[in-house]
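Novice: Quick one: the structure is below, questions incoming.
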Amino acid sequence: MRLEKTAAVLACMAVVIGIGSSAGPVKNMLEQLHTSDGLAVLKPFGDTENELRSVIESKAAQISGPPVNARVDRVWKAIPGYNGLEIDVESTYKRALLLPAGSAIKYIYRQTAPAVSLDDLGAQPIYRGNPAKPMVSLMINVAWGNEYIVPMLNILDEEHVKATFFLDGSWLSKNNELAREIQKRGHEIENHAYSHPNMSTLSRARAVMEIDKTKKLLKSSLGVDNRWFAPPSGDFDQETVEIARELGLKTVLWTVDTVDWRHPSPESVVAKITAKAEPGTLVLMHPTSSSSKALRGMIRGIKAKGLVLGTVSQTLSPERVLPSDVE
């Protein structure tokens, strides 16, 4: 009973300081503390602390994985990297000694950055997140469809999901109050050019204006530090990507399209997105009747596959989805 007595004494004398929340895209810390259902549970280990260490080491062997470098794929172009993951055995063990018998082990995770990041790949379009990362993003491009925005926001709230809204600059200039409502609900807001042009047809000067004008408007009207650019109608060329990069933005498209502008039935949209969603998927939609009615079903279908829904920044970041992030 040595372990139980030691734990009881130490529990009265020690204060366990939890690791704070991060401001990063998923959890912007390299060392984090997580407890979740299904992880090993401390049992009365008899008379030896070695059993406790053995449980932790066994879990560490199951969880650990090396970092994955960002790369340029022949089809998908820029693919983000993915952090390596390991359990800090010593820190987890010392913390576990302070817990009463029968408590869940609070594993301390440590992430390691890949040698090659998305920033190292140069001017490349992005169509998806890393296929090892079990996260999906909803991309909502807005240039019209005001009547569907608040209903969609309400569903996102009810389902506890944050999406990324790409705003057309001319729309933003006329609908600042609605844009602020999107922002107030905690969603990510990014750049969809200014007047919804086909970017590949523009002169360089006009292309710069389309992106930069909206970037500046996002900052002046919403205080947004713009990071991502979604070309209207998915139309772009290499010069578009290079201009966006010069302006500090990465060009992002989609993995799966709802094609909601064709007015498909909500049921068909739910079936399509649920079937095609996989780790790293970026789902494109607009504020339309089809997507508004399909939104809840899409979200639940994606979650039912064990995938986490996050913003574009979260999905394209290298940070790990940790066990307790998965519902």
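Note on naming: chains are A, B, ... as they come in the structure tokens, residues start from 1 per chain, ligands start from 1 in the order shown.
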Do you know which residues are at most 12 Å from A:Val116 counting only C-alpha atoms, after dropping those on the same chain fewer than 4 positions away, and could you put them as a VMD selection string?
Specialist: chain A and resid 67 to 72 78 to 83 112 120 to 122 318
Novice: Tell me, which residues of stretch 162-255 of chain A carry DSSP strand (DSSP E or B), written as number ranges by chain?
Specialist: A: 164-167, 188-191, 228-229, 250-252
Novice: Identify, on the basis of only C-alpha atoms, every residue whose closest approach to stretch 168-185 of chain A does not exceed 12 Å; exclude the query and any residue fewer than 2 positions from it along the same chain; express the result as a ChimeraX atom specification.
Specialist: /A:140-158,160-166,187-197,209-224,229-233,286
Novice: What does the distance from atom CA of A:Gln314 to atom CA of A:Lys133 come to in Å, to one decimal?
Specialist: 10.4 Å
Novice: Write out as a list in words each polymer residue whose atoms come within 12 Å of A:Gln62, counting only C-alpha atoms; drop sequence neighbours fewer than 3 positions from it.
Specialist: Leu39, Ala40, Val55, Ile56, Glu57, Ser58, Lys59, Gly65, Leu85, Glu86 and Ile87 of chain A
Novice: Separation of atom CA of A:Pro264 and atom CA of A:Asn130, in Å?
Specialist: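 Distance between the two atoms: 29.0 Å.
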Novice: Nearest to A:Gly306: which of A:Pro134, A:Thr274, A:Val259, A:Arg206 is it, counting only C-alpha atoms?
Specialist: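 Nearest to A:Gly306: A:Pro134.
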Novice: Residues of stretch 75-305 of chain A classed as helix (DSSP H, G or I) by DSSP on the backbone are to be reported as a ChimeraX atom specification.
Specialist: /A:89-96,118-121,146-158,169-174,176-184,199-201,204-222,232-234,238-246,260-262,266-276,289-304
Novice: Kindly indicate which residue among A:Gln238, A:Leu295, A:Lys303, A:Glu278 lies nearest to A:Thr258, using only C-alpha atoms for the distances.
Specialist: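 Smallest distance to A:Thr258 is found for A:Leu295.
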Novice: By how many Å are atom CA of A:Ser290 and atom CA of A:Val269 apart?
Specialist: 7.6 Å
Novice: Give me, as a PyMOL selection string, all polymer residues having an atom no more than 8 Å from A:Val89, counting only C-alpha atoms and skipping those fewer than 3 positions away in the same chain.
Specialist: chain A and resi 53+56-57+60+92-93+108
Novice: Write out as a compact mmCIF listing (two decimals) with N, CA and C atoms, in the first residue's frame each polymer residue whose atoms come within 9 Å of A:Pro266, counting only C-alpha atoms; drop sequence neighbours fewer than 5 positions from it.
Specialist:
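Below is the file that was written, selection35.txt:
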```
# COMPACT_ATOMS: atom_id res chain seq x y z
N ALA A 271 -25.38 13.55 -47.90
CA ALA A 271 -24.84 12.25 -48.30
C ALA A 271 -23.47 12.40 -48.96
N SER A 289 -29.85 28.12 -49.67
CA SER A 289 -30.90 27.30 -49.07
C SER A 289 -30.42 25.86 -48.90
N SER A 290 -29.76 25.33 -49.91
CA SER A 290 -29.30 23.93 -49.85
C SER A 290 -28.33 23.70 -48.70
N SER A 291 -27.31 24.54 -48.62
CA SER A 291 -26.30 24.35 -47.58
C SER A 291 -26.84 24.68 -46.19
N SER A 292 -27.72 25.67 -46.11
CA SER A 292 -28.31 26.01 -44.82
C SER A 292 -29.11 24.83 -44.26
N LYS A 293 -29.89 24.19 -45.13
CA LYS A 293 -30.70 23.06 -44.69
C LYS A 293 -29.88 21.79 -44.48
N ALA A 294 -28.75 21.70 -45.16
CA ALA A 294 -27.90 20.51 -45.05
C ALA A 294 -26.85 20.63 -43.95
N LEU A 295 -26.64 21.83 -43.43
CA LEU A 295 -25.49 22.09 -42.56
C LEU A 295 -25.45 21.18 -41.34
N GLY A 297 -26.83 18.28 -40.82
CA GLY A 297 -26.57 16.90 -41.22
C GLY A 297 -25.13 16.68 -41.64
```
Novice: Report the closest atom pair, with its distance in Å rounded to one decimal, for each residue of stretch 76-155 of chain A that has an atom no farther than 7 Å from stretch 248-255 of chain A; count only C-alpha atoms, sort by chain and then rising residue number, and write it as a Markdown table.
Specialist:
```
| residue | atom | partner | partner_atom | distance |
| --- | --- | --- | --- | --- |
| A:Pro125 | CA | A:Thr251 | CA | 5.1 |
| A:Ile126 | CA | A:Val252 | CA | 4.7 |
| A:Tyr127 | CA | A:Trp254 | CA | 4.9 |
| A:Arg128 | CA | A:Thr255 | CA | 5.7 |
```
Novice: For N, CA and C atoms, I'd like the residues from the last selection saved as a compact mmCIF listing (two decimals), in the first residue's frame.
Specialist:
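Here's the written file out-v5.txt:
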```
# COMPACT_ATOMS: atom_id res chain seq x y z
N PRO A 125 -0.72 26.62 -54.31
CA PRO A 125 -2.09 26.57 -53.81
C PRO A 125 -2.27 25.41 -52.84
N ILE A 126 -3.27 25.52 -52.00
CA ILE A 126 -3.56 24.49 -50.99
C ILE A 126 -4.99 24.01 -51.19
N TYR A 127 -5.16 22.71 -51.26
CA TYR A 127 -6.48 22.12 -51.46
C TYR A 127 -6.95 21.28 -50.28
N ARG A 128 -6.05 20.97 -49.36
CA ARG A 128 -6.42 20.09 -48.26
C ARG A 128 -5.40 20.18 -47.12
```
